[in-house]
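The structure file my_file.tsv is reproduced below (TSV, C-alpha atoms and all ligand atoms).
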```tsv
chain	number	residue	atom	x	y	z
A	582	MET	CA	-5.43	-24.51	-15.64
A	583	SER	CA	-1.70	-24.61	-14.84
A	584	GLU	CA	-0.08	-26.81	-12.27
A	585	TYR	CA	0.72	-25.32	-8.85
A	586	ILE	CA	4.30	-26.01	-7.73
A	587	PRO	CA	4.84	-25.31	-4.01
A	588	SER	CA	7.97	-23.55	-2.75
A	589	PRO	CA	10.94	-25.85	-2.07
A	590	PHE	CA	11.25	-24.08	1.31
A	591	ALA	CA	9.09	-26.21	3.63
A	592	TRP	CA	8.22	-23.34	6.01
A	593	VAL	CA	7.09	-21.19	3.09
A	594	ALA	CA	5.02	-23.96	1.47
A	595	GLU	CA	3.41	-24.67	4.86
A	596	GLN	CA	2.48	-21.02	5.37
A	597	VAL	CA	0.85	-20.91	1.92
A	598	GLU	CA	-1.06	-24.10	2.65
A	599	LEU	CA	-2.37	-22.82	5.97
A	600	TYR	CA	-3.19	-19.31	4.67
A	601	GLU	CA	-4.98	-20.48	1.51
A	602	GLY	CA	-6.40	-23.66	3.00
A	603	SER	CA	-8.14	-21.58	5.67
A	604	LEU	CA	-9.34	-19.09	3.01
A	605	GLY	CA	-7.29	-16.36	4.63
A	606	THR	CA	-8.18	-16.85	8.28
A	607	GLU	CA	-5.06	-18.66	9.57
A	608	GLY	CA	-1.31	-18.41	9.02
A	609	LEU	CA	-1.61	-14.69	8.39
A	610	THR	CA	1.60	-13.48	10.05
A	611	LEU	CA	5.35	-14.07	9.77
A	612	LYS	CA	6.41	-16.51	12.46
A	613	ASP	CA	7.70	-14.91	15.67
A	614	THR	CA	6.88	-11.36	14.53
A	615	GLY	CA	3.09	-11.15	14.49
A	616	LEU	CA	3.40	-8.96	11.38
A	617	PRO	CA	0.92	-9.49	8.53
A	618	VAL	CA	1.69	-11.35	5.33
A	619	ILE	CA	0.05	-11.48	1.88
A	620	ILE	CA	0.24	-14.27	-0.69
A	621	VAL	CA	1.28	-13.33	-4.22
A	622	THR	CA	0.23	-15.84	-6.89
A	623	HIS	CA	2.22	-15.56	-10.07
A	624	ARG	CA	3.59	-17.62	-12.94
A	625	GLY	CA	6.99	-19.29	-13.31
A	626	ARG	CA	8.73	-17.67	-16.27
A	627	LYS	CA	10.18	-21.01	-17.49
A	628	THR	CA	7.71	-23.65	-16.30
A	629	GLY	CA	4.56	-21.54	-16.69
A	630	ALA	CA	3.51	-23.13	-13.40
A	631	ILE	CA	1.58	-21.33	-10.69
A	632	ARG	CA	3.83	-20.08	-7.90
A	633	LYS	CA	2.70	-18.72	-4.55
A	634	THR	CA	4.99	-16.45	-2.58
A	635	PRO	CA	4.20	-15.06	0.87
A	636	LEU	CA	5.50	-11.51	1.37
A	637	MET	CA	5.14	-8.93	4.12
A	638	ARG	CA	1.94	-6.90	3.83
A	639	VAL	CA	3.03	-3.35	3.03
A	640	VAL	CA	0.37	-1.00	1.70
A	641	ASP	CA	0.31	2.45	0.17
A	642	GLY	CA	-3.34	3.42	-0.13
A	643	SER	CA	-4.95	0.63	-2.15
A	644	SER	CA	-1.59	-0.48	-3.63
A	645	TYR	CA	0.74	-3.13	-2.25
A	646	ILE	CA	4.49	-2.69	-2.01
A	647	LEU	CA	6.44	-5.89	-2.72
A	648	VAL	CA	10.02	-5.99	-1.46
A	649	ALA	CA	12.35	-8.58	-3.07
A	650	SER	CA	14.60	-8.78	-0.01
A	651	MET	CA	14.95	-12.53	0.50
A	652	GLY	CA	16.64	-11.93	3.85
A	653	GLY	CA	19.43	-9.81	2.33
A	654	ALA	CA	20.69	-12.65	0.12
A	655	PRO	CA	23.23	-11.63	-2.57
A	656	VAL	CA	20.90	-12.41	-5.49
A	657	HIS	CA	17.31	-11.51	-6.25
A	658	PRO	CA	14.68	-14.09	-5.34
A	659	VAL	CA	13.41	-16.14	-8.29
A	660	TRP	CA	9.96	-14.56	-8.00
A	661	TYR	CA	11.54	-11.20	-8.91
A	662	HIS	CA	12.35	-12.58	-12.38
A	663	ASN	CA	8.93	-14.17	-12.71
A	664	LEU	CA	7.21	-10.84	-11.99
A	665	LYS	CA	9.42	-8.99	-14.47
A	666	ALA	CA	8.42	-11.51	-17.15
A	667	GLU	CA	4.72	-11.69	-16.23
A	668	PRO	CA	3.45	-8.74	-14.19
A	669	ASP	CA	-0.15	-9.88	-13.81
A	670	VAL	CA	-0.55	-11.35	-10.33
A	671	GLU	CA	-3.17	-12.21	-7.78
A	672	ILE	CA	-2.77	-10.92	-4.26
A	673	ARG	CA	-4.52	-12.54	-1.34
A	674	ASP	CA	-4.77	-10.25	1.69
A	675	ARG	CA	-6.51	-12.27	4.39
A	676	THR	CA	-9.97	-13.10	2.96
A	677	GLU	CA	-9.74	-10.76	-0.05
A	678	ILE	CA	-8.23	-11.62	-3.45
A	679	TYR	CA	-7.24	-8.90	-5.92
A	680	SER	CA	-6.08	-9.14	-9.54
A	681	MET	CA	-3.24	-6.66	-9.85
A	682	ARG	CA	-0.42	-5.62	-12.13
A	683	VAL	CA	3.03	-5.01	-10.72
A	684	ARG	CA	5.81	-2.75	-11.92
A	685	GLU	CA	9.30	-2.41	-10.56
A	686	VAL	CA	9.82	1.05	-9.11
A	687	SER	CA	12.81	2.68	-10.80
A	688	ASP	CA	12.26	6.38	-10.13
A	689	PRO	CA	14.62	7.15	-7.20
A	690	ALA	CA	12.24	9.55	-5.42
A	691	GLU	CA	9.32	7.15	-5.71
A	692	LYS	CA	11.47	4.25	-4.57
A	693	GLN	CA	12.71	6.19	-1.55
A	694	ARG	CA	9.17	7.10	-0.52
A	695	LEU	CA	7.97	3.49	-0.82
A	696	TRP	CA	11.10	2.12	0.86
A	697	LYS	CA	10.37	4.25	3.95
A	698	ILE	CA	6.84	2.85	4.12
A	699	ALA	CA	8.21	-0.68	3.75
A	700	VAL	CA	10.81	-0.27	6.51
A	701	ALA	CA	8.19	1.25	8.83
A	702	ALA	CA	6.03	-1.85	8.28
A	703	TYR	CA	8.91	-4.33	8.55
A	704	PRO	CA	12.14	-2.81	10.00
A	705	PRO	CA	14.42	-5.78	9.09
A	706	TYR	CA	14.22	-4.70	5.42
A	707	GLN	CA	16.77	-1.98	6.26
A	708	GLU	CA	19.13	-4.53	7.84
A	709	TYR	CA	18.77	-6.69	4.73
A	710	GLN	CA	19.67	-3.75	2.49
A	711	ASP	CA	22.68	-2.87	4.66
A	712	ARG	CA	23.88	-6.48	4.47
A	713	THR	CA	23.86	-6.89	0.67
A	714	ASP	CA	25.59	-5.13	-2.23
A	715	ARG	CA	22.57	-5.40	-4.52
A	716	ALA	CA	19.88	-2.72	-4.48
A	717	ILE	CA	16.84	-4.57	-3.15
A	718	PRO	CA	14.08	-4.26	-5.78
A	719	VAL	CA	10.70	-2.82	-4.92
A	720	PHE	CA	7.51	-3.44	-6.89
A	721	ILE	CA	4.23	-1.64	-6.63
A	722	ALA	CA	1.09	-3.68	-7.25
A	723	GLU	CA	-1.86	-1.61	-8.48
B	1	LIG	N1	10.67	-12.85	0.81
B	1	LIG	C1	10.96	-11.63	0.37
B	1	LIG	O1	11.77	-11.47	-0.55
B	1	LIG	N2	10.33	-10.52	0.91
B	1	LIG	C2	9.40	-10.62	1.90
B	1	LIG	O2	8.82	-9.60	2.32
B	1	LIG	C3	9.11	-11.95	2.41
B	1	LIG	C4	8.18	-12.16	3.45
B	1	LIG	C5	7.83	-13.46	3.81
B	1	LIG	C6	6.83	-13.69	4.78
B	1	LIG	C7	6.42	-14.98	5.10
B	1	LIG	C8	7.04	-16.05	4.44
B	1	LIG	O3	6.61	-17.30	4.73
B	1	LIG	C9	8.04	-15.86	3.50
B	1	LIG	C10	8.46	-14.56	3.17
B	1	LIG	N3	9.44	-14.34	2.22
B	1	LIG	C11	9.75	-13.05	1.80
B	1	LIG	C12	10.11	-15.46	1.51
B	1	LIG	C13	9.45	-15.61	0.13
B	1	LIG	O4	8.18	-16.19	0.28
B	1	LIG	C14	10.30	-16.50	-0.80
B	1	LIG	O5	10.36	-17.80	-0.30
B	1	LIG	C15	11.73	-16.00	-0.96
B	1	LIG	O6	11.71	-14.64	-1.34
B	1	LIG	C16	12.47	-16.81	-2.00
B	1	LIG	O7	11.76	-16.73	-3.23
B	1	LIG	P1	12.21	-17.56	-4.49
B	1	LIG	O8	11.26	-17.24	-5.59
B	1	LIG	O9	13.67	-17.35	-4.76
B	1	LIG	O10	11.94	-19.05	-4.00
B	1	LIG	C17	12.78	-20.11	-4.28
B	1	LIG	C18	13.12	-20.86	-3.02
B	1	LIG	C19	12.00	-21.02	-5.17
B	1	LIG	O11	10.81	-21.19	-5.05
B	1	LIG	N4	12.69	-21.58	-6.08
B	1	LIG	C20	12.11	-22.50	-7.00
B	1	LIG	C21	12.96	-23.71	-7.14
B	1	LIG	O12	12.37	-24.74	-7.48
B	1	LIG	O13	14.16	-23.61	-6.86
B	1	LIG	C22	11.97	-21.84	-8.35
B	1	LIG	C23	10.65	-21.24	-8.44
B	1	LIG	C24	10.36	-20.62	-9.79
B	1	LIG	O14	9.69	-19.62	-9.83
B	1	LIG	N5	10.83	-21.15	-10.94
B	1	LIG	C25	10.57	-20.56	-12.22
B	1	LIG	C26	9.54	-21.28	-13.04
B	1	LIG	O15	9.51	-21.08	-14.27
B	1	LIG	O16	8.70	-21.97	-12.45
B	1	LIG	C27	11.87	-20.49	-13.00
B	1	LIG	C28	12.55	-19.26	-12.63
B	1	LIG	C29	13.93	-19.11	-13.28
B	1	LIG	O17	14.10	-18.12	-13.97
B	1	LIG	O18	14.79	-19.98	-13.09
```
Represent the structure contained in this file as structure tokens.
Ligand code: F42
Amino acid sequence: MSEYIPSPFAWVAEQVELYEGSLGTEGLTLKDTGLPVIIVTHRGRKTGAIRKTPLMRVVDGSSYILVASMGGAPVHPVWYHNLKAEPDVEIRDRTEIYSMRVREVSDPAEKQRLWKIAVAAYPPYQEYQDRTDRAIPVFIAE
């Protein structure tokens, strides 16, 4: 069993603690927005430690769309690199937990279709993309 290392962002670590500590009955939305969040459990590519990253809940059928936006920051979030190295993840959506495999979406038509779904679920994603020079990566978890 690997060690769990909480996020160095206090507000993120607190959301994970509330969400998981309540077994998916509390802390389910992004502060001030009321919009739903999932928790992605994955592995640090260097430490091998367990990492837990809250992301907006964006669904396409029974798949989840993961958007590596990090508020429009100029570089990809660290979890992006972890998922590229180790694509097997666990997704907690409220009280349900799913074992899933992620892949980065590279086909332009597929990415455009999923991007529209993501922006409809969480409109700030478009502002984040407009604000940064990097193409914000999108994963699909199946
Ligand atoms: N972030 C998004 O990108 N998209 C979202 O839709 C999103 C929604 C969201 C909703 C609620 C919420 O509470 C947070 C939300 N966030 C969203 C923020 C998200 O949870 C992450 O905090 C954010 O994307 C930054 O991710 P990050 O992986 O860059 O986190 C940093 C702060 C971090 O944890 N850094 C660690 C550290 O110690 O500095 C490193 C963690 C790590 O994985 N280390 C690796 C290891 O091996 O353990 C090494 C990695 C390497 O290659 O160096």
Within 12 Å of Ile646 of chain A using all atoms listed in the file, minus same-chain residues under 3 positions, as a PyMOL selection string: chain A and resi 618-619+621+636-643+649-650+672+681-686+691-692+694-700+702-703+718-723
Written selection (C-alpha atoms) as a short mmCIF file (atom, residue, chain, number, x, y, z; two decimals), keeping the file's coordinate frame:
```cif
data_model
loop_
_atom_site.label_atom_id
_atom_site.label_comp_id
_atom_site.auth_asym_id
_atom_site.auth_seq_id
_atom_site.Cartn_x
_atom_site.Cartn_y
_atom_site.Cartn_z
CA VAL A 618 1.69 -11.35 5.33
CA ILE A 619 0.05 -11.48 1.88
CA VAL A 621 1.28 -13.33 -4.22
CA LEU A 636 5.50 -11.51 1.37
CA MET A 637 5.14 -8.93 4.12
CA ARG A 638 1.94 -6.90 3.83
CA VAL A 639 3.03 -3.35 3.03
CA VAL A 640 0.37 -1.00 1.70
CA ASP A 641 0.31 2.45 0.17
CA GLY A 642 -3.34 3.42 -0.13
CA SER A 643 -4.95 0.63 -2.15
CA ALA A 649 12.35 -8.58 -3.07
CA SER A 650 14.60 -8.78 -0.01
CA ILE A 672 -2.77 -10.92 -4.26
CA MET A 681 -3.24 -6.66 -9.85
CA ARG A 682 -0.42 -5.62 -12.13
CA VAL A 683 3.03 -5.01 -10.72
CA ARG A 684 5.81 -2.75 -11.92
CA GLU A 685 9.30 -2.41 -10.56
CA VAL A 686 9.82 1.05 -9.11
CA GLU A 691 9.32 7.15 -5.71
CA LYS A 692 11.47 4.25 -4.57
CA ARG A 694 9.17 7.10 -0.52
CA LEU A 695 7.97 3.49 -0.82
CA TRP A 696 11.10 2.12 0.86
CA LYS A 697 10.37 4.25 3.95
CA ILE A 698 6.84 2.85 4.12
CA ALA A 699 8.21 -0.68 3.75
CA VAL A 700 10.81 -0.27 6.51
CA ALA A 702 6.03 -1.85 8.28
CA TYR A 703 8.91 -4.33 8.55
CA PRO A 718 14.08 -4.26 -5.78
CA VAL A 719 10.70 -2.82 -4.92
CA PHE A 720 7.51 -3.44 -6.89
CA ILE A 721 4.23 -1.64 -6.63
CA ALA A 722 1.09 -3.68 -7.25
CA GLU A 723 -1.86 -1.61 -8.48
#
```
Check every protein, DNA and RNA residue against ligand LIG 1 (chain B), keep those with an atom at most 7 Å away (counting all atoms listed in the file), and present them as a PDB file with C-alpha atoms, in the frame of the given file.
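The resulting file, pocket-v1.pdb, is shown below:
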```pdb
ATOM      1  CA  SER A 588       7.970 -23.550  -2.750  1.00  0.00           C
ATOM      2  CA  PRO A 589      10.940 -25.850  -2.070  1.00  0.00           C
ATOM      3  CA  PHE A 590      11.250 -24.080   1.310  1.00  0.00           C
ATOM      4  CA  TRP A 592       8.220 -23.340   6.010  1.00  0.00           C
ATOM      5  CA  VAL A 593       7.090 -21.190   3.090  1.00  0.00           C
ATOM      6  CA  GLN A 596       2.480 -21.020   5.370  1.00  0.00           C
ATOM      7  CA  LEU A 611       5.350 -14.070   9.770  1.00  0.00           C
ATOM      8  CA  VAL A 618       1.690 -11.350   5.330  1.00  0.00           C
ATOM      9  CA  ARG A 624       3.590 -17.620 -12.940  1.00  0.00           C
ATOM     10  CA  GLY A 625       6.990 -19.290 -13.310  1.00  0.00           C
ATOM     11  CA  ARG A 626       8.730 -17.670 -16.270  1.00  0.00           C
ATOM     12  CA  LYS A 627      10.180 -21.010 -17.490  1.00  0.00           C
ATOM     13  CA  THR A 628       7.710 -23.650 -16.300  1.00  0.00           C
ATOM     14  CA  GLY A 629       4.560 -21.540 -16.690  1.00  0.00           C
ATOM     15  CA  ALA A 630       3.510 -23.130 -13.400  1.00  0.00           C
ATOM     16  CA  ARG A 632       3.830 -20.080  -7.900  1.00  0.00           C
ATOM     17  CA  THR A 634       4.990 -16.450  -2.580  1.00  0.00           C
ATOM     18  CA  PRO A 635       4.200 -15.060   0.870  1.00  0.00           C
ATOM     19  CA  LEU A 636       5.500 -11.510   1.370  1.00  0.00           C
ATOM     20  CA  MET A 637       5.140  -8.930   4.120  1.00  0.00           C
ATOM     21  CA  LEU A 647       6.440  -5.890  -2.720  1.00  0.00           C
ATOM     22  CA  VAL A 648      10.020  -5.990  -1.460  1.00  0.00           C
ATOM     23  CA  ALA A 649      12.350  -8.580  -3.070  1.00  0.00           C
ATOM     24  CA  SER A 650      14.600  -8.780  -0.010  1.00  0.00           C
ATOM     25  CA  MET A 651      14.950 -12.530   0.500  1.00  0.00           C
ATOM     26  CA  GLY A 652      16.640 -11.930   3.850  1.00  0.00           C
ATOM     27  CA  PRO A 658      14.680 -14.090  -5.340  1.00  0.00           C
ATOM     28  CA  VAL A 659      13.410 -16.140  -8.290  1.00  0.00           C
ATOM     29  CA  TRP A 660       9.960 -14.560  -8.000  1.00  0.00           C
ATOM     30  CA  TYR A 661      11.540 -11.200  -8.910  1.00  0.00           C
ATOM     31  CA  HIS A 662      12.350 -12.580 -12.380  1.00  0.00           C
ATOM     32  CA  ASN A 663       8.930 -14.170 -12.710  1.00  0.00           C
TER      33      ASN A 663
END
```
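For the atom pair formed by atom CA of Glu595 of chain A and atom CA of Ser680 of chain A, the distance is 23.2 Å, given to one decimal.
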Å distance separating atom CA of Ile717 of chain A from atom CA of Ala701 of chain A, one decimal place: 15.9 Å
Could you state the separation of atom CA of Lys633 of chain A and atom CA of Tyr709 of chain A in Å, given to one decimal place?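 If I compute the distance from atom CA of Lys633 of chain A to atom CA of Tyr709 of chain A, I get 22.1 Å.
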